[in-house]
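Visitor: Below you'll find input17.txt; it's compact mmCIF, C-alpha atoms and all ligand atoms.
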```txt
# COMPACT_ATOMS: atom_id res chain seq x y z
CA MET S 1 -6.04 -96.53 54.68
CA ASP S 2 -7.54 -93.08 54.15
CA PHE S 3 -11.32 -93.12 54.63
CA SER S 4 -11.77 -89.34 54.48
CA THR S 5 -14.34 -87.81 52.18
CA VAL S 6 -13.09 -86.44 48.88
CA HIS S 7 -14.28 -82.83 48.59
CA LEU S 8 -14.93 -81.81 45.02
CA THR S 9 -13.81 -78.44 43.73
CA PRO S 10 -16.44 -76.39 41.83
CA GLU S 11 -14.69 -77.44 38.60
CA GLN S 12 -14.92 -81.12 39.53
CA GLU S 13 -18.60 -80.73 40.46
CA GLN S 14 -19.19 -79.06 37.12
CA PHE S 15 -17.36 -81.93 35.39
CA GLN S 16 -19.54 -84.48 37.20
CA ARG S 17 -22.66 -82.67 35.95
CA GLU S 18 -21.24 -82.60 32.43
CA VAL S 19 -20.50 -86.34 32.51
CA ARG S 20 -24.01 -87.12 33.72
CA THR S 21 -25.57 -84.96 31.01
CA VAL S 22 -23.47 -86.56 28.27
CA LEU S 23 -24.19 -90.08 29.51
CA ASP S 24 -27.92 -89.27 29.70
CA GLU S 25 -27.71 -88.52 25.99
CA ILE S 26 -25.54 -91.35 24.75
CA VAL S 27 -26.32 -94.31 27.03
CA THR S 28 -29.83 -94.94 25.79
CA GLU S 29 -32.07 -97.97 26.33
CA GLU S 30 -30.96 -99.05 22.84
CA VAL S 31 -27.39 -99.35 24.17
CA HIS S 32 -28.52 -101.68 26.98
CA GLU S 33 -30.72 -103.67 24.61
CA HIS S 34 -27.78 -104.02 22.20
CA GLU S 35 -25.63 -105.34 25.05
CA ARG S 36 -28.29 -107.84 26.16
CA ARG S 37 -28.69 -109.02 22.57
CA THR S 38 -25.01 -109.25 21.61
CA GLY S 39 -23.07 -109.64 24.88
CA ASP S 40 -20.30 -107.71 23.11
CA GLY S 41 -19.13 -105.59 26.03
CA PHE S 42 -18.91 -102.84 23.44
CA HIS S 43 -21.12 -100.29 21.70
CA GLU S 44 -19.47 -98.45 18.85
CA GLY S 45 -21.61 -95.30 19.09
CA VAL S 46 -20.87 -94.89 22.81
CA HIS S 47 -17.17 -95.76 22.35
CA LEU S 48 -16.73 -93.12 19.61
CA ALA S 49 -18.72 -90.55 21.61
CA LEU S 50 -16.43 -91.08 24.62
CA GLY S 51 -13.40 -90.91 22.33
CA SER S 52 -14.54 -87.62 20.80
CA ARG S 53 -14.38 -86.08 24.30
CA GLY S 54 -11.00 -87.62 25.18
CA TRP S 55 -12.72 -89.81 27.77
CA LEU S 56 -11.33 -93.16 26.60
CA PHE S 57 -7.85 -92.19 27.84
CA PRO S 58 -8.85 -89.28 30.07
CA ALA S 59 -5.43 -88.85 31.70
CA TRP S 60 -3.73 -88.22 28.34
CA PRO S 61 -3.13 -84.58 27.45
CA VAL S 62 -5.75 -83.01 25.19
CA GLU S 63 -3.22 -82.61 22.36
CA GLU S 64 -2.67 -86.41 22.47
CA GLY S 65 -6.37 -87.22 22.25
CA GLY S 66 -7.13 -87.39 25.97
CA ALA S 67 -8.92 -84.93 28.23
CA GLY S 68 -6.05 -84.01 30.59
CA LEU S 69 -8.23 -84.82 33.60
CA ASP S 70 -6.94 -84.69 37.17
CA ARG S 71 -7.13 -87.90 39.23
CA VAL S 72 -10.38 -87.02 40.98
CA SER S 73 -12.09 -86.18 37.68
CA GLN S 74 -10.82 -89.46 36.20
CA ARG S 75 -12.42 -91.27 39.14
CA ILE S 76 -15.67 -89.34 38.70
CA LEU S 77 -15.74 -90.43 35.06
CA SER S 78 -15.03 -94.11 35.78
CA LEU S 79 -17.66 -94.26 38.55
CA GLU S 80 -20.28 -92.67 36.30
CA LEU S 81 -19.46 -95.07 33.44
CA ALA S 82 -19.86 -98.01 35.83
CA ARG S 83 -23.08 -96.62 37.32
CA ARG S 84 -24.60 -96.32 33.82
CA GLN S 85 -23.42 -99.84 32.93
CA VAL S 86 -21.57 -98.56 29.88
CA PRO S 87 -20.31 -101.68 28.03
CA GLY S 88 -16.57 -101.49 28.63
CA VAL S 89 -14.90 -104.82 27.84
CA THR S 90 -13.25 -103.70 24.59
CA HIS S 91 -12.31 -100.37 26.16
CA GLY S 92 -10.60 -102.39 28.92
CA THR S 93 -8.69 -104.70 26.56
CA THR S 94 -7.62 -101.71 24.44
CA ARG S 95 -6.17 -100.02 27.52
CA LEU S 96 -4.33 -103.19 28.58
CA VAL S 97 -2.77 -103.67 25.15
CA TRP S 98 -1.80 -100.03 24.92
CA SER S 99 0.18 -100.38 28.15
CA GLY S 100 2.33 -102.95 26.33
CA LEU S 101 2.53 -101.09 23.00
CA GLN S 102 3.71 -97.83 24.49
CA LEU S 103 6.71 -99.64 25.98
CA SER S 104 7.59 -102.17 23.31
CA ALA S 105 5.96 -101.43 19.92
CA ASP S 106 7.75 -99.83 16.98
CA PRO S 107 7.68 -96.12 18.04
CA GLU S 108 6.46 -94.97 14.60
CA LEU S 109 3.63 -97.50 14.62
CA ALA S 110 2.65 -96.49 18.17
CA ALA S 111 2.69 -92.81 17.20
CA GLU S 112 0.47 -93.55 14.18
CA LEU S 113 -1.99 -95.56 16.24
CA LYS S 114 -2.23 -93.32 19.29
CA PRO S 115 -4.68 -90.67 17.95
CA GLU S 116 -6.85 -93.41 16.44
CA VAL S 117 -6.90 -95.33 19.72
CA ALA S 118 -7.77 -92.16 21.66
CA ALA S 119 -10.60 -91.39 19.24
CA GLY S 120 -11.94 -94.95 19.56
CA ARG S 121 -11.47 -95.87 15.90
CA VAL S 122 -8.71 -98.39 16.65
CA ARG S 123 -9.29 -101.05 19.30
CA PHE S 124 -7.34 -104.04 20.56
CA CYS S 125 -8.22 -107.47 21.93
CA LEU S 126 -6.18 -110.06 23.83
CA GLY S 127 -4.99 -113.08 21.84
CA TYR S 128 -3.46 -115.08 24.68
CA SER S 129 -5.47 -118.23 25.38
CA ASP S 130 -4.80 -121.34 23.33
CA PRO S 131 -7.53 -123.92 22.67
CA GLU S 132 -5.39 -126.33 24.74
CA GLY S 133 -5.44 -124.10 27.83
CA GLY S 134 -5.49 -120.48 28.92
CA SER S 135 -3.94 -120.68 32.38
CA ASP S 136 -0.52 -121.58 31.10
CA ILE S 137 -0.10 -118.76 28.57
CA ALA S 138 3.57 -119.54 28.08
CA ALA S 139 2.61 -122.90 26.55
CA ALA S 140 1.25 -121.01 23.49
CA THR S 141 1.44 -123.07 20.32
CA LEU S 142 0.38 -120.68 17.52
CA ARG S 143 3.42 -120.63 15.21
CA ALA S 144 5.06 -117.56 13.74
CA VAL S 145 7.78 -118.23 11.15
CA ARG S 146 9.96 -115.50 9.70
CA ASP S 147 9.80 -114.93 5.93
CA GLY S 148 11.99 -111.94 4.96
CA ASP S 149 10.41 -108.78 6.34
CA GLU S 150 7.28 -110.68 7.23
CA TRP S 151 6.09 -113.38 9.58
CA VAL S 152 3.68 -116.17 8.67
CA LEU S 153 1.21 -117.21 11.36
CA ASN S 154 -0.58 -120.54 11.64
CA GLY S 155 -2.74 -121.83 14.48
CA SER S 156 -5.70 -120.74 16.54
CA LYS S 157 -6.71 -118.93 19.70
CA LEU S 158 -9.76 -119.39 21.86
CA TRP S 159 -11.69 -116.80 23.90
CA THR S 160 -10.45 -113.74 21.97
CA THR S 161 -13.18 -111.50 23.35
CA GLY S 162 -14.09 -108.51 21.20
CA ALA S 163 -12.08 -109.67 18.13
CA HIS S 164 -15.07 -108.90 15.90
CA ASN S 165 -15.11 -105.28 17.12
CA CYS S 166 -11.35 -104.70 17.11
CA GLN S 167 -8.83 -103.76 14.45
CA TYR S 168 -5.88 -105.62 16.01
CA THR S 169 -5.23 -108.54 18.32
CA PHE S 170 -2.26 -108.58 20.69
CA LEU S 171 -1.10 -112.07 19.86
CA ILE S 172 1.29 -114.36 21.66
CA THR S 173 3.06 -116.73 19.27
CA ARG S 174 5.69 -119.43 19.36
CA THR S 175 8.74 -118.42 17.34
CA ASP S 176 11.24 -120.97 18.67
CA PRO S 177 9.74 -124.37 19.44
CA GLU S 178 13.17 -125.69 20.53
CA ALA S 179 13.74 -123.10 23.27
CA PRO S 180 12.42 -123.50 26.85
CA LYS S 181 8.75 -122.51 26.71
CA HIS S 182 9.11 -118.98 28.18
CA LYS S 183 12.02 -118.22 25.83
CA GLY S 184 10.51 -119.08 22.46
CA LEU S 185 7.61 -116.60 22.43
CA THR S 186 7.10 -113.38 20.46
CA MET S 187 4.25 -110.84 20.63
CA PHE S 188 2.60 -109.32 17.54
CA LEU S 189 -0.06 -106.74 16.89
CA VAL S 190 -1.97 -108.53 14.14
CA PRO S 191 -4.40 -106.60 11.92
CA LEU S 192 -7.64 -108.58 12.13
CA ASP S 193 -8.57 -107.80 8.54
CA SER S 194 -5.51 -109.74 7.28
CA PRO S 195 -6.27 -112.49 4.76
CA GLY S 196 -6.31 -115.86 6.55
CA VAL S 197 -7.89 -114.60 9.78
CA GLU S 198 -11.25 -116.17 10.56
CA ILE S 199 -13.32 -115.15 13.57
CA GLN S 200 -16.03 -117.46 14.89
CA ALA S 201 -18.51 -116.43 17.58
CA ILE S 202 -18.86 -118.23 20.91
CA HIS S 203 -21.84 -117.26 23.06
CA THR S 204 -21.45 -118.08 26.74
CA TYR S 205 -23.89 -119.13 29.45
CA GLY S 206 -23.15 -115.80 31.15
CA GLY S 207 -24.45 -113.91 28.11
CA GLU S 208 -21.10 -112.72 26.73
CA ARG S 209 -19.93 -113.07 23.17
CA THR S 210 -16.35 -114.18 22.78
CA ASN S 211 -14.54 -115.78 19.82
CA ALA S 212 -12.41 -118.54 18.42
CA VAL S 213 -9.91 -117.04 15.96
CA TYR S 214 -8.17 -119.12 13.29
CA TYR S 215 -4.95 -118.02 11.58
CA THR S 216 -4.07 -119.71 8.28
CA ASP S 217 -0.90 -118.47 6.52
CA VAL S 218 -1.49 -114.97 7.86
CA HIS S 219 1.29 -112.60 6.77
CA VAL S 220 2.27 -109.88 9.23
CA SER S 221 5.01 -107.33 8.66
CA ASP S 222 7.94 -107.29 11.08
CA ARG S 223 6.85 -103.76 11.94
CA HIS S 224 3.92 -105.31 13.79
CA ARG S 225 6.18 -107.33 16.06
CA VAL S 226 5.97 -105.99 19.62
CA GLY S 227 9.23 -106.34 21.57
CA ASP S 228 12.19 -108.49 20.67
CA VAL S 229 12.04 -111.87 18.95
CA ASN S 230 11.71 -114.66 21.54
CA ALA S 231 11.25 -112.05 24.31
CA GLY S 232 7.45 -112.19 24.20
CA TRP S 233 7.17 -113.33 27.79
CA ALA S 234 8.88 -110.14 29.01
CA THR S 235 6.79 -107.98 26.63
CA LEU S 236 3.61 -109.50 28.03
CA GLN S 237 4.42 -108.92 31.69
CA GLY S 238 3.21 -105.28 31.86
CA PRO S 239 -0.24 -105.88 30.30
CA LEU S 240 -0.63 -109.16 32.22
CA SER S 241 0.25 -107.53 35.52
CA ASN S 242 -2.20 -104.67 34.79
CA GLU S 243 -4.93 -107.20 33.98
CA HIS S 244 -4.27 -108.83 37.35
CA GLY S 245 -4.61 -105.52 39.16
CA GLY S 246 -0.97 -104.42 39.29
CA GLY S 247 0.15 -100.95 38.26
CA ARG S 248 -2.51 -99.20 40.30
CA ILE S 249 -1.79 -95.74 41.62
CA ALA S 250 -1.96 -95.90 45.42
CA ASP S 251 -3.66 -92.55 45.95
CA GLY S 252 -6.97 -93.91 47.26
CA LEU S 253 -8.76 -93.13 44.00
CA GLU S 254 -8.49 -96.59 42.45
CA ASP S 255 -10.50 -99.71 43.17
CA LEU S 256 -8.72 -101.66 45.89
CA ALA S 257 -9.87 -105.11 44.87
CA GLY S 258 -8.54 -106.79 41.73
CA GLY S 259 -12.09 -107.88 40.93
CA ALA S 260 -14.04 -104.78 41.94
CA THR S 261 -16.06 -104.87 38.72
CA TYR S 262 -17.04 -108.52 39.30
CA THR S 263 -19.52 -107.57 42.03
CA GLN S 264 -21.43 -105.00 39.97
CA SER S 265 -24.17 -107.36 38.79
CA PHE S 266 -24.43 -108.88 42.26
CA ASP S 267 -24.79 -105.39 43.80
CA ARG S 268 -27.60 -104.56 41.37
CA ALA S 269 -29.28 -107.88 42.22
CA ILE S 270 -29.09 -107.12 45.96
CA ASP S 271 -30.66 -103.68 45.40
CA ALA S 272 -33.41 -105.25 43.30
CA ALA S 273 -34.09 -107.86 46.01
CA ALA S 274 -34.31 -105.11 48.65
CA ARG S 275 -36.85 -103.16 46.57
CA TRP S 276 -38.76 -106.38 45.83
CA ALA S 277 -38.95 -107.11 49.59
CA LYS S 278 -40.45 -103.67 50.25
CA ARG S 279 -43.33 -104.25 47.82
CA THR S 280 -43.97 -107.97 48.35
CA THR S 281 -46.18 -109.57 50.99
CA ARG S 282 -46.18 -113.18 52.15
CA PRO S 283 -49.37 -115.30 52.15
CA ASP S 284 -49.94 -114.29 55.80
CA GLY S 285 -50.03 -110.63 54.74
CA THR S 286 -46.69 -109.61 56.25
CA LEU S 287 -44.23 -107.59 54.23
CA VAL S 288 -41.07 -109.51 53.27
CA ALA S 289 -39.02 -106.47 54.27
CA ASP S 290 -40.35 -106.81 57.83
CA ASP S 291 -39.04 -110.36 58.16
CA PRO S 292 -35.94 -110.26 60.41
CA VAL S 293 -34.56 -113.49 58.94
CA PHE S 294 -34.77 -112.05 55.41
CA LEU S 295 -33.08 -108.85 56.58
CA ASP S 296 -30.35 -110.75 58.39
CA ARG S 297 -29.52 -112.85 55.34
CA LEU S 298 -29.68 -109.88 52.95
CA GLY S 299 -27.49 -107.88 55.32
CA ALA S 300 -24.88 -110.66 55.33
CA LEU S 301 -24.75 -110.50 51.52
CA ILE S 302 -24.26 -106.74 51.59
CA VAL S 303 -21.40 -107.13 54.09
CA SER S 304 -19.85 -109.81 51.91
CA THR S 305 -19.90 -107.71 48.72
CA GLU S 306 -18.66 -104.66 50.63
CA ALA S 307 -15.82 -106.76 52.07
CA SER S 308 -14.80 -107.82 48.53
CA ARG S 309 -14.55 -104.20 47.50
CA VAL S 310 -12.09 -103.39 50.29
CA THR S 311 -10.03 -106.57 50.01
CA HIS S 312 -6.75 -105.70 48.40
CA GLY S 313 -5.34 -107.03 45.11
CA PRO S 314 -5.55 -110.72 44.13
CA MET S 315 -7.39 -111.63 47.35
CA GLY S 316 -10.05 -109.07 46.35
CA ARG S 317 -10.24 -110.59 42.86
CA ASN S 318 -11.01 -114.01 44.33
CA LYS S 319 -13.29 -112.75 47.06
CA ALA S 320 -15.34 -110.69 44.59
CA SER S 321 -15.84 -113.67 42.32
CA LEU S 322 -16.46 -116.34 44.95
CA SER S 323 -18.76 -114.15 47.07
CA SER S 324 -20.78 -113.19 43.97
CA ILE S 325 -21.24 -116.82 42.91
CA ALA S 326 -22.30 -117.96 46.38
CA GLY S 327 -24.16 -114.71 47.10
CA VAL S 328 -26.44 -114.73 44.06
CA ALA S 329 -27.34 -118.37 44.79
CA GLU S 330 -28.28 -117.29 48.33
CA LEU S 331 -30.30 -114.39 46.91
CA ILE S 332 -32.26 -116.78 44.68
CA ASP S 333 -32.98 -118.92 47.72
CA LEU S 334 -34.16 -115.86 49.64
CA VAL S 335 -36.42 -114.48 46.91
CA GLY S 336 -37.70 -117.74 45.45
CA PRO S 337 -38.50 -118.93 41.90
CA GLU S 338 -39.35 -115.43 40.62
CA ALA S 339 -35.66 -114.61 40.91
CA LEU S 340 -34.96 -117.08 38.11
CA LEU S 341 -37.21 -115.36 35.58
CA ALA S 342 -35.06 -113.89 32.83
CA HIS S 343 -35.23 -110.53 31.08
CA GLY S 344 -38.45 -110.27 29.09
CA ALA S 345 -40.30 -113.02 31.02
CA ASP S 346 -43.63 -112.19 32.63
CA GLY S 347 -43.09 -111.43 36.33
CA ALA S 348 -39.29 -111.14 36.08
CA ILE S 349 -37.95 -109.06 38.95
CA GLU S 350 -36.66 -105.74 37.60
CA ASP S 351 -36.24 -107.21 34.15
CA GLY S 352 -34.42 -110.34 35.29
CA VAL S 353 -31.55 -108.64 37.07
CA ILE S 354 -31.07 -111.48 39.61
CA GLU S 355 -31.22 -114.21 36.97
CA PHE S 356 -28.63 -112.34 34.91
CA ALA S 357 -26.35 -111.79 37.92
CA HIS S 358 -26.48 -115.51 38.64
CA ARG S 359 -25.35 -116.48 35.14
CA TRP S 360 -22.80 -113.71 34.87
CA ALA S 361 -21.18 -114.47 38.24
CA GLN S 362 -20.11 -117.94 37.09
CA GLY S 363 -17.75 -116.55 34.44
CA THR S 364 -15.97 -114.25 36.89
CA ALA S 365 -14.18 -117.31 38.27
CA THR S 366 -12.41 -117.63 34.91
CA TYR S 367 -11.75 -114.16 33.44
CA GLY S 368 -8.11 -113.13 33.30
CA GLY S 369 -7.02 -116.25 35.20
CA THR S 370 -9.14 -118.65 37.24
CA THR S 371 -9.73 -118.37 40.98
CA GLU S 372 -7.70 -121.60 41.40
CA VAL S 373 -4.73 -120.06 39.59
CA PHE S 374 -5.09 -116.92 41.71
CA LYS S 375 -5.00 -119.02 44.88
CA GLY S 376 -1.59 -120.24 43.70
CA MET S 377 -0.45 -116.65 43.08
CA ILE S 378 -1.62 -115.56 46.52
CA ALA S 379 0.19 -118.48 48.15
CA GLN S 380 3.40 -117.77 46.29
CA HIS S 381 3.54 -113.99 45.89
CA VAL S 382 1.60 -112.76 48.93
CA LEU S 383 2.26 -115.45 51.51
CA GLY S 384 5.74 -116.34 50.25
CA LEU S 385 4.98 -120.06 50.04
CA PRO S 386 6.88 -122.27 47.57
CA ARG S 387 5.74 -122.31 43.94
CA LEU S 388 3.20 -125.00 43.09
CA THR S 389 4.47 -127.65 40.73
CA LEU S 390 1.25 -127.50 38.68
CA PRO S 391 0.92 -126.16 35.15
CA GLY S 392 -0.01 -122.48 34.96
CA SER S 393 2.22 -119.47 34.70
CA LYS S 394 0.06 -116.40 35.12
CA GLN S 395 1.91 -114.03 37.37
CA TRP S 396 1.01 -111.47 39.96
CA VAL S 397 3.42 -108.56 40.00
CA ARG S 398 3.07 -106.24 42.97
C1 LIG B 401 -16.00 -115.40 28.63
C2 LIG B 401 -14.51 -115.54 28.54
C3 LIG B 401 -13.76 -114.51 28.00
C4 LIG B 401 -12.38 -114.65 27.88
N1 LIG B 401 -11.67 -113.64 27.25
C5 LIG B 401 -10.38 -113.86 26.94
C6 LIG B 401 -9.66 -112.95 26.10
O1 LIG B 401 -10.20 -111.93 25.68
N2 LIG B 401 -8.40 -113.26 25.72
C7 LIG B 401 -7.77 -114.40 26.15
O2 LIG B 401 -6.62 -114.62 25.77
N3 LIG B 401 -8.41 -115.26 26.99
C8 LIG B 401 -9.68 -115.02 27.37
N4 LIG B 401 -10.36 -115.91 28.16
C9 LIG B 401 -9.66 -117.09 28.60
C10 LIG B 401 -9.40 -117.16 30.09
O3 LIG B 401 -8.35 -116.32 30.47
C11 LIG B 401 -9.10 -118.63 30.35
O4 LIG B 401 -10.32 -119.34 30.16
C12 LIG B 401 -8.57 -118.88 31.69
O5 LIG B 401 -7.28 -118.33 31.79
C13 LIG B 401 -8.50 -120.37 31.98
O6 LIG B 401 -8.00 -121.09 30.91
P1 LIG B 401 -8.78 -122.37 30.34
O7 LIG B 401 -10.24 -122.07 30.30
O8 LIG B 401 -8.13 -122.79 29.10
O9 LIG B 401 -8.57 -123.48 31.47
P2 LIG B 401 -7.26 -124.37 31.70
O10 LIG B 401 -6.05 -123.48 31.72
O11 LIG B 401 -7.26 -125.49 30.72
O12 LIG B 401 -7.55 -124.89 33.16
C14 LIG B 401 -8.49 -125.96 33.40
C15 LIG B 401 -8.71 -126.07 34.90
O13 LIG B 401 -7.45 -126.32 35.56
C16 LIG B 401 -7.22 -125.36 36.59
N5 LIG B 401 -5.78 -125.00 36.61
C17 LIG B 401 -5.00 -124.73 35.55
N6 LIG B 401 -3.76 -124.36 35.97
C18 LIG B 401 -3.80 -124.37 37.32
C19 LIG B 401 -2.85 -124.05 38.36
N7 LIG B 401 -1.61 -123.65 38.05
N8 LIG B 401 -3.25 -124.15 39.65
C20 LIG B 401 -4.51 -124.57 39.97
N9 LIG B 401 -5.46 -124.88 39.04
C21 LIG B 401 -5.11 -124.77 37.75
C22 LIG B 401 -8.06 -124.14 36.19
O14 LIG B 401 -8.43 -123.38 37.33
C23 LIG B 401 -9.27 -124.79 35.53
O15 LIG B 401 -10.22 -125.13 36.49
C24 LIG B 401 -11.73 -115.80 28.35
C25 LIG B 401 -12.47 -116.84 28.91
C26 LIG B 401 -13.85 -116.71 29.01
C27 LIG B 401 -14.63 -117.87 29.58
```
Translate the structure of the given file into structure tokens.
Guide:
Amino acid sequence: MDFSTVHLTPEQEQFQREVRTVLDEIVTEEVHEHERRTGDGFHEGVHLALGSRGWLFPAWPVEEGGAGLDRVSQRILSLELARRQVPGVTHGTTRLVWSGLQLSADPELAAELKPEVAAGRVRFCLGYSDPEGGSDIAAATLRAVRDGDEWVLNGSKLWTTGAHNCQYTFLITRTDPEAPKHKGLTMFLVPLDSPGVEIQAIHTYGGERTNAVYYTDVHVSDRHRVGDVNAGWATLQGPLSNEHGGGRIADGLEDLAGGATYTQSFDRAIDAAARWAKRTTRPDGTLVADDPVFLDRLGALIVSTEASRVTHGPMGRNKASLSSIAGVAELIDLVGPEALLAHGADGAIEDGVIEFAHRWAQGTATYGGTTEVFKGMIAQHVLGLPRLTLPGSKQWVR
């Protein structure tokens, strides 16, 4: 592993200043308030502003709607976006879907969509999870039946995050119910304004908004099929692998851990607890920050979150999630009841950052495949142990 410092060129330093100036302008308190209120993981104004600079797909050439950034500048941009807590869920799902479209979509459709995607006007969400279960994606039941040049869709999907802010969903459907389950699937890019699509909000304990989406006699042109008929499982492998942390460029400029973003709220909660300890005295008049037991326990949490960040791949995904869940609970124990005061409550620590981290951490055990499913992947694909005979077919591709 290369731990050497990355030295920025004058151009890269200038770019970093430019990014900070732009984000100062566009990531206002209103953006954070909107995110707290909606849990959308998306802000249209910010998304379009990033798109107008080519910063949604910054590696793409300028003439294709990107910014033609070098790898270090791409990393500068992603670190600054994370530091400013720019809502990025829909940006993330759009990137995942694009990785599948560029390989398998109708080339004319992809060419039409590309400038719109780069500008931020077209966005994609993931229509994978069935109401009956999300771990075993290949058991998808939503039916697609061919009707001339069209397909007719009937069924529903659960947890389609961002559907209400996207133009298309990347939908896994069952086209041959007689075939073995992995061989009867087909992917579509379904326009979400099609008649027969109904989106219903689901608000989670963690504060996110996701959706149930119902499809009743929805007609989709064959042009919107992605990949071959009944080859949906193969079409899905690229985006699924990317979601699980595959496809990273091993140049030291990417997050190592599959779940690096899962610790962000926990990290902010730790920082808030440290500042709280420096300004808070106990009934005996001693400063909390002078208490060696407090420092020892806080230090252990910092080590744990740091360790998640440098734990590679699927192990990092699980460590980030599990250490955040246990860690925030420990932080609440350390700080006391004040830590449970939510945003807006009198006396909430730094606007409820610890309370939020606690709620948010719980969901990280589920996103993109549960920690239990990932344990199976680690056993099979990292340790080379035999495949579990349990349901669940998410895959880790190294
Ligand atoms: C806030 C939120 C946002 C989401 N966003 C999206 C999205 O945008 N698009 C989308 O398609 N999905 C999305 N999901 C769905 C998510 O991917 C699934 O919830 C997840 O894959 C688990 O599926 P499930 O909840 O149906 O649980 P199930 O698959 O029904 O599993 C139930 C339990 O069984 C365990 N289990 C299942 N299979 C195995 C196995 N093989 N080995 C060990 N244990 C197993 C699971 O760990 C779990 O505890 C989202 C979910 C949430 C909560």
Visitor: Quick one: of S:Glu64, S:Glu338, S:Glu132, S:Glu18, who's nearest to ligand LIG 401 (chain B), counting only C-alpha atoms and all ligand atoms?
Guide: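 So, comparing all the options, the nearest one is S:Glu132.
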Visitor: I want to know what sits within 7 Å of S:Ala289, based on only C-alpha atoms, with residues of the same chain fewer than 4 positions away left out; could you give that as a compact mmCIF listing (two decimals) with C-alpha atoms, keeping the file's coordinate frame?
Guide:
```txt
# COMPACT_ATOMS: atom_id res chain seq x y z
CA ALA S 277 -38.95 -107.11 49.59
CA LYS S 278 -40.45 -103.67 50.25
CA LEU S 295 -33.08 -108.85 56.58
```
Visitor: Using all atoms listed in the file, what are the residues with an atom within 6 Å of ligand LIG 401 (chain B), set out as a VMD selection string?
Guide: chain S and resid 126 to 129 133 to 136 159 to 161 210 363 366 to 370 372 to 373 376 390 to 392
Visitor: Can you write out the residues you just picked, keeping C-alpha atoms, as a compact mmCIF listing (two decimals), in the frame of the given file?
Guide:
```txt
# COMPACT_ATOMS: atom_id res chain seq x y z
CA LEU S 126 -6.18 -110.06 23.83
CA GLY S 127 -4.99 -113.08 21.84
CA TYR S 128 -3.46 -115.08 24.68
CA SER S 129 -5.47 -118.23 25.38
CA GLY S 133 -5.44 -124.10 27.83
CA GLY S 134 -5.49 -120.48 28.92
CA SER S 135 -3.94 -120.68 32.38
CA ASP S 136 -0.52 -121.58 31.10
CA TRP S 159 -11.69 -116.80 23.90
CA THR S 160 -10.45 -113.74 21.97
CA THR S 161 -13.18 -111.50 23.35
CA THR S 210 -16.35 -114.18 22.78
CA GLY S 363 -17.75 -116.55 34.44
CA THR S 366 -12.41 -117.63 34.91
CA TYR S 367 -11.75 -114.16 33.44
CA GLY S 368 -8.11 -113.13 33.30
CA GLY S 369 -7.02 -116.25 35.20
CA THR S 370 -9.14 -118.65 37.24
CA GLU S 372 -7.70 -121.60 41.40
CA VAL S 373 -4.73 -120.06 39.59
CA GLY S 376 -1.59 -120.24 43.70
CA LEU S 390 1.25 -127.50 38.68
CA PRO S 391 0.92 -126.16 35.15
CA GLY S 392 -0.01 -122.48 34.96
```
Visitor: Set the distance at 9 Å and use all atoms listed in the file: which residues neighbour S:Leu109 once local chain neighbours fewer than 5 positions away are removed? I'd like the list as a PyMOL selection string.
Guide: chain S and resi 114+223-224
Visitor: Pick out the closest residue to S:Gln200 from this set: S:Gly327, S:Gly65, S:Gly162, S:Gly227. Count all atoms listed in the file.
Guide: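 Nearest candidate to S:Gln200 out of S:Gly327, S:Gly65, S:Gly162, S:Gly227: S:Gly162.
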Visitor: If you count all atoms listed in the file, which residues fall within 12 Å of S:Val22, apart from same-chain ones fewer than 6 positions away, as a list of chain:residue names?
Guide: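 Contacts, with the query itself left out: S:Phe15, S:Gln16, S:Thr28, S:Val46, S:Ala49, S:Leu50, S:Ser52, S:Arg53, S:Trp55, S:Leu77, S:Glu80, S:Leu81, S:Arg84.
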